$ cat target11.cif   # mmCIF, C-alpha atoms
data_model
#
loop_
_atom_site.group_PDB
_atom_site.id
_atom_site.type_symbol
_atom_site.label_atom_id
_atom_site.label_comp_id
_atom_site.auth_asym_id
_atom_site.auth_seq_id
_atom_site.Cartn_x
_atom_site.Cartn_y
_atom_site.Cartn_z
ATOM 1 C CA MET G 1 195.169 -107.331 167.570
ATOM 2 C CA ASN G 2 195.844 -110.889 166.421
ATOM 3 C CA ASN G 3 192.190 -111.873 166.184
ATOM 4 C CA LYS G 4 191.090 -113.184 162.800
ATOM 5 C CA ILE G 5 188.539 -110.893 161.149
ATOM 6 C CA THR G 6 185.827 -112.501 159.028
ATOM 7 C CA ALA G 7 183.173 -110.545 157.153
ATOM 8 C CA ILE G 8 179.772 -112.157 156.700
ATOM 9 C CA ILE G 9 177.118 -110.697 154.389
ATOM 10 C CA PRO G 10 173.594 -111.846 155.331
ATOM 11 C CA SER G 11 171.509 -112.099 152.168
ATOM 12 C CA ARG G 12 167.845 -113.067 152.015
ATOM 13 C CA PHE G 13 165.810 -113.450 148.812
ATOM 14 C CA GLY G 14 162.417 -112.642 150.331
ATOM 15 C CA SER G 15 161.544 -108.992 150.986
ATOM 16 C CA LYS G 16 158.198 -107.230 151.370
ATOM 17 C CA ARG G 17 159.401 -104.125 149.539
ATOM 18 C CA PHE G 18 161.801 -105.660 147.016
ATOM 19 C CA GLU G 19 161.766 -109.434 146.530
ATOM 20 C CA GLY G 20 164.960 -110.811 145.050
ATOM 21 C CA LYS G 21 166.838 -107.628 145.905
ATOM 22 C CA PRO G 22 170.310 -109.262 146.243
ATOM 23 C CA LEU G 23 170.150 -110.359 142.593
ATOM 24 C CA ALA G 24 169.019 -106.990 141.215
ATOM 25 C CA PHE G 25 171.659 -105.389 139.020
ATOM 26 C CA VAL G 26 173.554 -102.301 140.202
ATOM 27 C CA PHE G 27 176.078 -100.790 137.788
ATOM 28 C CA GLY G 28 175.856 -103.930 135.643
ATOM 29 C CA LYS G 29 176.351 -106.563 138.345
ATOM 30 C CA PRO G 30 174.091 -108.321 140.879
ATOM 31 C CA MET G 31 173.929 -106.276 144.063
ATOM 32 C CA ILE G 32 175.309 -109.115 146.179
ATOM 33 C CA GLN G 33 178.361 -109.220 143.910
ATOM 34 C CA ARG G 34 178.865 -105.466 144.295
ATOM 35 C CA VAL G 35 178.735 -105.794 148.089
ATOM 36 C CA TYR G 36 181.115 -108.778 148.076
ATOM 37 C CA GLU G 37 183.630 -107.017 145.831
ATOM 38 C CA GLN G 38 183.638 -103.954 148.063
ATOM 39 C CA ALA G 39 184.080 -106.116 151.170
ATOM 40 C CA ILE G 40 187.174 -107.925 149.910
ATOM 41 C CA LYS G 41 188.886 -104.545 149.377
ATOM 42 C CA ALA G 42 188.980 -103.899 153.138
ATOM 43 C CA LYS G 43 192.583 -104.275 154.287
ATOM 44 C CA ASN G 44 191.886 -105.974 157.615
ATOM 45 C CA ILE G 45 189.408 -108.612 156.425
ATOM 46 C CA ALA G 46 190.845 -112.135 156.179
ATOM 47 C CA LYS G 47 187.754 -113.777 154.682
ATOM 48 C CA VAL G 48 184.405 -112.732 153.171
ATOM 49 C CA VAL G 49 181.390 -115.063 153.090
ATOM 50 C CA VAL G 50 177.767 -114.610 152.004
ATOM 51 C CA ALA G 51 175.234 -116.227 154.348
ATOM 52 C CA THR G 52 171.951 -116.903 152.573
ATOM 53 C CA ASP G 53 168.801 -118.984 152.828
ATOM 54 C CA ASP G 54 168.286 -119.129 149.066
ATOM 55 C CA GLU G 55 169.786 -121.451 146.439
ATOM 56 C CA LYS G 56 169.597 -118.775 143.713
ATOM 57 C CA ILE G 57 171.720 -116.379 145.748
ATOM 58 C CA PHE G 58 174.081 -119.213 146.722
ATOM 59 C CA LYS G 59 174.636 -120.138 143.065
ATOM 60 C CA ALA G 60 174.999 -116.485 142.033
ATOM 61 C CA VAL G 61 177.802 -116.004 144.568
ATOM 62 C CA GLU G 62 179.554 -119.155 143.402
ATOM 63 C CA SER G 63 179.246 -118.009 139.778
ATOM 64 C CA PHE G 64 181.346 -114.889 140.398
ATOM 65 C CA GLY G 65 183.918 -116.776 142.460
ATOM 66 C CA GLY G 66 182.686 -115.817 145.919
ATOM 67 C CA GLU G 67 182.130 -118.026 148.945
ATOM 68 C CA ALA G 68 178.629 -118.675 150.257
ATOM 69 C CA ILE G 69 176.997 -120.865 152.882
ATOM 70 C CA LEU G 70 173.358 -121.831 153.353
ATOM 71 C CA THR G 71 171.604 -120.904 156.595
ATOM 72 C CA GLU G 72 168.105 -121.513 157.926
ATOM 73 C CA SER G 73 165.249 -119.525 156.391
ATOM 74 C CA SER G 74 163.413 -119.028 159.697
ATOM 75 C CA LEU G 75 166.019 -116.807 161.390
ATOM 76 C CA ARG G 76 164.557 -113.622 162.887
ATOM 77 C CA SER G 77 167.191 -111.131 161.727
ATOM 78 C CA GLY G 78 170.396 -110.554 159.808
ATOM 79 C CA THR G 79 172.340 -110.698 163.066
ATOM 80 C CA ASP G 80 171.038 -114.194 163.763
ATOM 81 C CA ARG G 81 171.985 -115.271 160.228
ATOM 82 C CA VAL G 82 175.506 -113.945 160.730
ATOM 83 C CA ALA G 83 175.753 -115.752 164.077
ATOM 84 C CA GLN G 84 174.669 -119.048 162.563
ATOM 85 C CA ALA G 85 177.137 -118.609 159.701
ATOM 86 C CA ALA G 86 179.968 -117.860 162.134
ATOM 87 C CA ASN G 87 179.249 -121.136 163.914
ATOM 88 C CA ILE G 88 179.094 -123.078 160.648
ATOM 89 C CA LEU G 89 182.514 -121.607 159.831
ATOM 90 C CA LYS G 90 183.733 -122.686 163.295
ATOM 91 C CA LEU G 91 185.173 -119.273 164.101
ATOM 92 C CA GLN G 92 186.994 -118.912 167.416
ATOM 93 C CA LEU G 93 185.434 -117.057 170.363
ATOM 94 C CA ASN G 94 188.011 -114.235 170.196
ATOM 95 C CA ASP G 95 187.695 -113.771 166.437
ATOM 96 C CA ILE G 96 186.069 -110.593 165.126
ATOM 97 C CA VAL G 97 182.966 -111.016 162.984
ATOM 98 C CA VAL G 98 181.924 -108.164 160.689
ATOM 99 C CA ASN G 99 178.302 -107.946 159.586
ATOM 100 C CA ILE G 100 178.143 -106.217 156.190
ATOM 101 C CA GLN G 101 174.737 -105.153 154.916
ATOM 102 C CA GLY G 102 173.806 -106.823 151.644
ATOM 103 C CA ASP G 103 171.793 -103.837 150.429
ATOM 104 C CA GLN G 104 174.544 -101.204 150.529
ATOM 105 C CA PRO G 105 176.393 -101.940 147.260
ATOM 106 C CA ILE G 106 178.653 -98.897 147.038
ATOM 107 C CA PHE G 107 180.036 -98.619 150.571
ATOM 108 C CA ASN G 108 183.621 -97.498 150.989
ATOM 109 C CA PRO G 109 185.819 -100.411 152.218
ATOM 110 C CA ILE G 110 187.726 -97.941 154.399
ATOM 111 C CA CYS G 111 184.648 -97.904 156.653
ATOM 112 C CA ILE G 112 185.169 -101.536 157.583
ATOM 113 C CA ASP G 113 188.762 -100.926 158.593
ATOM 114 C CA GLN G 114 187.641 -97.907 160.642
ATOM 115 C CA MET G 115 184.974 -99.961 162.402
ATOM 116 C CA VAL G 116 187.319 -102.722 163.563
ATOM 117 C CA GLU G 117 190.055 -100.325 164.704
ATOM 118 C CA PRO G 118 188.635 -99.859 168.260
ATOM 119 C CA PHE G 119 189.169 -103.573 168.913
ATOM 120 C CA ARG G 120 192.917 -102.941 168.640
ATOM 121 C CA ALA G 121 192.860 -100.377 171.431
ATOM 122 C CA ASN G 122 190.362 -102.089 173.716
ATOM 123 C CA SER G 123 190.608 -105.846 174.234
ATOM 124 C CA GLU G 124 187.389 -105.742 176.286
ATOM 125 C CA LEU G 125 185.299 -104.247 173.475
ATOM 126 C CA LEU G 126 182.363 -106.425 172.466
ATOM 127 C CA MET G 127 180.726 -104.615 169.550
ATOM 128 C CA SER G 128 181.106 -101.609 167.260
ATOM 129 C CA THR G 129 179.112 -99.998 164.461
ATOM 130 C CA LEU G 130 179.253 -97.070 162.038
ATOM 131 C CA ALA G 131 177.603 -93.681 161.728
ATOM 132 C CA CYS G 132 178.098 -90.602 159.570
ATOM 133 C CA LYS G 133 177.053 -87.002 160.004
ATOM 134 C CA ILE G 134 173.814 -86.195 158.192
ATOM 135 C CA LEU G 135 174.294 -83.578 155.493
ATOM 136 C CA ASN G 136 170.949 -83.973 153.728
ATOM 137 C CA PRO G 137 168.207 -82.324 155.860
ATOM 138 C CA GLN G 138 165.577 -84.739 154.510
ATOM 139 C CA GLU G 139 167.316 -87.639 156.242
ATOM 140 C CA ILE G 140 166.771 -86.050 159.667
ATOM 141 C CA THR G 141 163.058 -86.860 159.664
ATOM 142 C CA ASP G 142 162.861 -89.708 157.124
ATOM 143 C CA PRO G 143 162.090 -92.938 159.058
ATOM 144 C CA LYS G 144 164.064 -95.077 156.614
ATOM 145 C CA ASP G 145 167.234 -93.266 157.742
ATOM 146 C CA VAL G 146 168.072 -94.496 161.238
ATOM 147 C CA LYS G 147 169.491 -91.884 163.587
ATOM 148 C CA VAL G 148 171.854 -92.524 166.501
ATOM 149 C CA VAL G 149 172.829 -90.410 169.503
ATOM 150 C CA ILE G 150 176.237 -91.017 171.060
ATOM 151 C CA ASP G 151 177.579 -90.420 174.560
ATOM 152 C CA LYS G 152 180.838 -88.613 175.397
ATOM 153 C CA ASN G 153 182.757 -91.894 175.428
ATOM 154 C CA GLY G 154 181.680 -92.869 171.922
ATOM 155 C CA TYR G 155 178.963 -95.373 172.814
ATOM 156 C CA ALA G 156 175.410 -95.412 171.470
ATOM 157 C CA LEU G 157 172.708 -94.005 173.721
ATOM 158 C CA TYR G 158 169.856 -94.850 171.367
ATOM 159 C CA PHE G 159 168.944 -95.604 167.754
ATOM 160 C CA SER G 160 165.673 -94.397 166.264
ATOM 161 C CA ARG G 161 163.792 -93.855 163.039
ATOM 162 C CA SER G 162 162.671 -90.556 164.541
ATOM 163 C CA GLN G 163 164.568 -87.294 164.715
ATOM 164 C CA ILE G 164 167.002 -87.473 167.623
ATOM 165 C CA PRO G 165 167.987 -85.265 169.294
ATOM 166 C CA PHE G 166 164.971 -83.012 168.907
ATOM 167 C CA PRO G 167 165.725 -79.263 169.290
ATOM 168 C CA ARG G 168 162.808 -78.172 171.465
ATOM 169 C CA ASP G 169 163.733 -74.498 171.324
ATOM 170 C CA ALA G 170 164.752 -74.407 167.680
ATOM 171 C CA LYS G 171 162.739 -71.277 166.965
ATOM 172 C CA ASP G 172 164.286 -69.374 169.853
ATOM 173 C CA HIS G 173 167.817 -70.627 170.377
ATOM 174 C CA ILE G 174 169.039 -73.579 168.346
ATOM 175 C CA GLY G 175 168.465 -73.835 164.632
ATOM 176 C CA TYR G 176 168.636 -77.022 162.563
ATOM 177 C CA ASN G 177 172.047 -76.007 161.269
ATOM 178 C CA GLU G 178 173.433 -75.937 164.802
ATOM 179 C CA VAL G 179 172.357 -79.473 165.725
ATOM 180 C CA GLU G 180 174.505 -82.392 164.616
ATOM 181 C CA TYR G 181 172.584 -85.463 163.514
ATOM 182 C CA TYR G 182 174.188 -88.830 162.836
ATOM 183 C CA LYS G 183 172.870 -91.562 160.565
ATOM 184 C CA HIS G 184 173.470 -95.188 161.445
ATOM 185 C CA LEU G 185 174.972 -97.099 158.516
ATOM 186 C CA GLY G 186 174.030 -100.586 159.671
ATOM 187 C CA PHE G 187 177.438 -102.286 159.639
ATOM 188 C CA TYR G 188 178.572 -104.115 162.789
ATOM 189 C CA ALA G 189 181.662 -105.767 164.213
ATOM 190 C CA TYR G 190 181.447 -108.185 167.129
ATOM 191 C CA LYS G 191 183.728 -110.358 169.142
ATOM 192 C CA LYS G 192 182.454 -113.793 168.118
ATOM 193 C CA SER G 193 181.680 -114.774 171.708
ATOM 194 C CA PHE G 194 179.440 -111.710 172.049
ATOM 195 C CA LEU G 195 177.723 -112.367 168.726
ATOM 196 C CA ASP G 196 176.610 -115.702 170.191
ATOM 197 C CA THR G 197 175.279 -113.821 173.214
ATOM 198 C CA VAL G 198 173.290 -111.385 171.064
ATOM 199 C CA ALA G 199 171.754 -114.199 169.044
ATOM 200 C CA ALA G 200 170.612 -115.878 172.262
ATOM 201 C CA LEU G 201 168.943 -112.759 173.703
ATOM 202 C CA GLU G 202 165.177 -112.407 173.642
ATOM 203 C CA GLU G 203 163.737 -109.871 171.215
ATOM 204 C CA GLY G 204 163.503 -106.493 172.922
ATOM 205 C CA TYR G 205 160.407 -104.322 173.221
ATOM 206 C CA LEU G 206 162.109 -101.325 171.589
ATOM 207 C CA GLU G 207 163.593 -103.575 168.912
ATOM 208 C CA ARG G 208 160.083 -104.761 168.087
ATOM 209 C CA VAL G 209 158.612 -101.244 168.058
ATOM 210 C CA GLU G 210 161.308 -99.568 165.927
ATOM 211 C CA LYS G 211 162.194 -102.691 163.906
ATOM 212 C CA LEU G 212 165.876 -102.117 164.723
ATOM 213 C CA GLU G 213 167.735 -105.228 165.830
ATOM 214 C CA GLN G 214 170.644 -103.272 167.371
ATOM 215 C CA LEU G 215 168.263 -102.035 170.079
ATOM 216 C CA ARG G 216 168.202 -105.602 171.406
ATOM 217 C CA VAL G 217 171.789 -105.076 172.549
ATOM 218 C CA ILE G 218 171.135 -101.783 174.334
ATOM 219 C CA GLU G 219 167.901 -102.994 175.939
ATOM 220 C CA HIS G 220 169.764 -105.863 177.558
ATOM 221 C CA GLY G 221 172.362 -103.504 179.041
ATOM 222 C CA TYR G 222 175.296 -103.929 176.668
ATOM 223 C CA LYS G 223 177.278 -101.159 174.979
ATOM 224 C CA ILE G 224 177.851 -100.486 171.283
ATOM 225 C CA CYS G 225 180.881 -98.432 170.283
ATOM 226 C CA VAL G 226 179.986 -96.012 167.467
ATOM 227 C CA VAL G 227 182.705 -95.152 164.964
ATOM 228 C CA THR G 228 181.960 -92.002 162.984
ATOM 229 C CA THR G 229 183.073 -91.936 159.371
ATOM 230 C CA GLU G 230 182.939 -89.345 156.619
ATOM 231 C CA HIS G 231 181.863 -91.991 154.105
ATOM 232 C CA ASP G 232 178.101 -92.367 153.630
ATOM 233 C CA SER G 233 176.678 -95.637 152.294
ATOM 234 C CA PRO G 234 173.370 -95.383 150.374
ATOM 235 C CA GLU G 235 171.124 -98.403 150.844
ATOM 236 C CA VAL G 236 168.673 -100.049 148.484
ATOM 237 C CA ASP G 237 165.140 -100.541 149.813
ATOM 238 C CA THR G 238 163.209 -100.312 146.531
ATOM 239 C CA PRO G 239 163.945 -100.569 142.787
ATOM 240 C CA GLU G 240 163.798 -96.770 142.665
ATOM 241 C CA ASP G 241 166.783 -96.620 145.006
ATOM 242 C CA ILE G 242 168.902 -98.402 142.404
ATOM 243 C CA GLU G 243 167.980 -95.774 139.830
ATOM 244 C CA ARG G 244 168.953 -93.076 142.307
ATOM 245 C CA ILE G 245 172.311 -94.695 143.134
ATOM 246 C CA GLU G 246 173.204 -95.252 139.490
ATOM 247 C CA LYS G 247 172.878 -91.526 138.863
ATOM 248 C CA LEU G 248 175.724 -90.931 141.332
ATOM 249 C CA ASP G 249 179.381 -91.033 140.329
ATOM 250 C CA PHE G 250 180.946 -93.935 142.203
ATOM 251 C CA THR G 251 183.199 -95.123 139.371
ATOM 252 C CA ILE G 252 186.433 -94.540 141.266
ATOM 253 C CA LEU G 253 185.133 -96.242 144.419
ATOM 254 C CA LEU G 254 183.838 -99.318 142.582
ATOM 255 C CA ASN G 255 187.002 -99.678 140.511
ATOM 256 C CA GLY G 256 189.126 -99.538 143.647
ATOM 257 C CA VAL G 257 191.240 -96.614 142.445
#
$ encode --input "target11.cif" --output "structure tokens"
Amino acid sequence: MNNKITAIIPSRFGSKRFEGKPLAFVFGKPMIQRVYEQAIKAKNIAKVVVATDDEKIFKAVESFGGEAILTESSLRSGTDRVAQAANILKLQLNDIVVNIQGDQPIFNPICIDQMVEPFRANSELLMSTLACKILNPQEITDPKDVKVVIDKNGYALYFSRSQIPFPRDAKDHIGYNEVEYYKHLGFYAYKKSFLDTVAALEEGYLERVEKLEQLRVIEHGYKICVVTTEHDSPEVDTPEDIERIEKLDFTILLNGV
């Protein structure tokens, strides 16, 4: 695969649950800096850029030596922000664009390399994403943890905040321990031409109901390749999540050892 791979981190200051989240400190650094520093460790990424609608975030990225661009504040989703940034950067139609979530500050960079790998084997692939097997039973029913079910060819059947699949006969035949659940990690890779297509699609009914922008793709009949990884990536939704993450031992991961 000779396509250039560019990672774009959409970062918005406003948030109903945690305003100014990208600038909150995680392990002694602003969260957006943590995300950026993890992204540049991925072996297959040629360039990393933060796409933001806020001057404070823009200046924060510049202050630690990162690259940032300003996008419109009225965009409907992170995907649309990434698409606008890709056009500002004048990326080519066959380039691969990686959407890295700005609220997952301790993700393993190996995940990004795993996610773009299918593009090497399949030149027709339009989009891929990541999922990991759920090990914590609480995440099976927690709506903040998005679940995904995958077909036999490795493509997403559906994403939901609900428990999927649901073991109807759990009491009689199948126990919780015998059902495999997968959590969606929220990272995406697109062929740039397809990213433009996604941004132009109308908001889907299921997307609106579940508040999951990836459902827009499935509702309009396109496929999403799901790459399963063993590396989970805790996200920050509230200030309490930072406290929880900082109690974990991610020293080796953050130091790049």
$ resolve_selection --input "target11.cif" --expression "the PyMOL selection byres ((chain G and resi 37) around 10)" --output "PyMOL selection string"
chain G and resi 31-36+38-42+48+64+66+105-106+109+254-256
$ closest_residue --input "target11.cif" --among "G:Lys133, G:Lys223, G:Arg168, G:Lys43" --to "Asn153 of chain G" --atoms "only C-alpha atoms"
G:Lys223
$ axis_aligned_box --input "target11.cif" --around "segment 46-62 of chain G" --padding-each-side "3 Å" --output "lines of an AutoDock Vina configuration file"
center_x = 179.6
center_y = -116.8
center_z = 149.1
size_x = 28.6
size_y = 15.3
size_z = 20.1
$ residues_around --input "target11.cif" --residues "Glu235 of chain G" --least-positions-apart "4" --cutoff "8 Å" --atoms "all atoms listed in the file" --output "ChimeraX atom specification"
/G:103-105,241
$ resolve_selection --input "target11.cif" --expression "the PyMOL selection byres ((chain G and resi 221) around 12)" --output "short mmCIF file (atom, residue, chain, number, x, y, z; two decimals) with C-alpha atoms, in the frame of the given file"
data_model
loop_
_atom_site.label_atom_id
_atom_site.label_comp_id
_atom_site.auth_asym_id
_atom_site.auth_seq_id
_atom_site.Cartn_x
_atom_site.Cartn_y
_atom_site.Cartn_z
CA ALA G 156 175.41 -95.41 171.47
CA LEU G 157 172.71 -94.00 173.72
CA TYR G 158 169.86 -94.85 171.37
CA VAL G 198 173.29 -111.38 171.06
CA LEU G 201 168.94 -112.76 173.70
CA GLY G 204 163.50 -106.49 172.92
CA GLN G 214 170.64 -103.27 167.37
CA LEU G 215 168.26 -102.04 170.08
CA ARG G 216 168.20 -105.60 171.41
CA VAL G 217 171.79 -105.08 172.55
CA ILE G 218 171.14 -101.78 174.33
CA GLU G 219 167.90 -102.99 175.94
CA HIS G 220 169.76 -105.86 177.56
CA TYR G 222 175.30 -103.93 176.67
CA LYS G 223 177.28 -101.16 174.98
CA ILE G 224 177.85 -100.49 171.28
#
$ closest_residue --input "target11.cif" --among "G:Asn87, G:Thr197, G:Asn94, G:Gln114" --to "Thr129 of chain G" --atoms "all atoms listed in the file"
G:Gln114
$ resolve_selection --input "target11.cif" --expression "the PyMOL selection byres ((chain G and resi 26) around 9)" --output "ChimeraX atom specification"
/G:24-25,27-31,34,105,242-243,245-246
$ closest_atom_pairs --input "target11.cif" --of "segment 70-112 of chain G" --to "segment 185-193 of chain G" --cutoff "8 Å" --atoms "only C-alpha atoms" --output "CSV"
residue,atom,partner,partner_atom,distance
G:Ala86,CA,G:Lys192,CA,7.7
G:Leu91,CA,G:Lys192,CA,7.3
G:Gln92,CA,G:Lys192,CA,6.9
G:Leu93,CA,G:Ser193,CA,4.6
G:Asn94,CA,G:Lys191,CA,5.9
G:Asp95,CA,G:Lys192,CA,5.5
G:Ile96,CA,G:Lys191,CA,4.7
G:Val97,CA,G:Tyr190,CA,5.2
G:Val98,CA,G:Ala189,CA,4.3
G:Asn99,CA,G:Tyr188,CA,5.0
G:Ile100,CA,G:Phe187,CA,5.3
G:Gln101,CA,G:Phe187,CA,6.1
$ atom_distance --input "target11.cif" --atom1 "atom CA of Ile8 of chain G" --atom2 "atom CA of Asp232 of chain G"
20.1 Å
$ atom_distance --input "target11.cif" --atom1 "atom CA of Pro167 of chain G" --atom2 "atom CA of Glu213 of chain G"
26.3 Å
$ closest_residue --input "target11.cif" --among "G:Asn2, G:Ser160, G:Gln84, G:Ser73" --to "Asp53 of chain G" --atoms "all atoms listed in the file"
G:Ser73
$ closest_residue --input "target11.cif" --among "G:Val82, G:Ala60, G:Leu70, G:Cys111" --to "Gly20 of chain G" --atoms "all atoms listed in the file"
G:Ala60
$ closest_residue --input "target11.cif" --among "G:Lys4, G:Lys183, G:Lys247, G:His231" --to "Ala131 of chain G" --atoms "all atoms listed in the file"
G:Lys183
$ atom_distance --input "target11.cif" --atom1 "atom CA of Ser128 of chain G" --atom2 "atom CA of Ile110 of chain G"
14.9 Å
$ residues_around --input "target11.cif" --residues "Asp142 of chain G" --least-positions-apart "4" --cutoff "9 Å" --atoms "only C-alpha atoms" --output "list of chain:residue names"
G:Gln138, G:Val146, G:Arg161, G:Ser162, G:Gln163
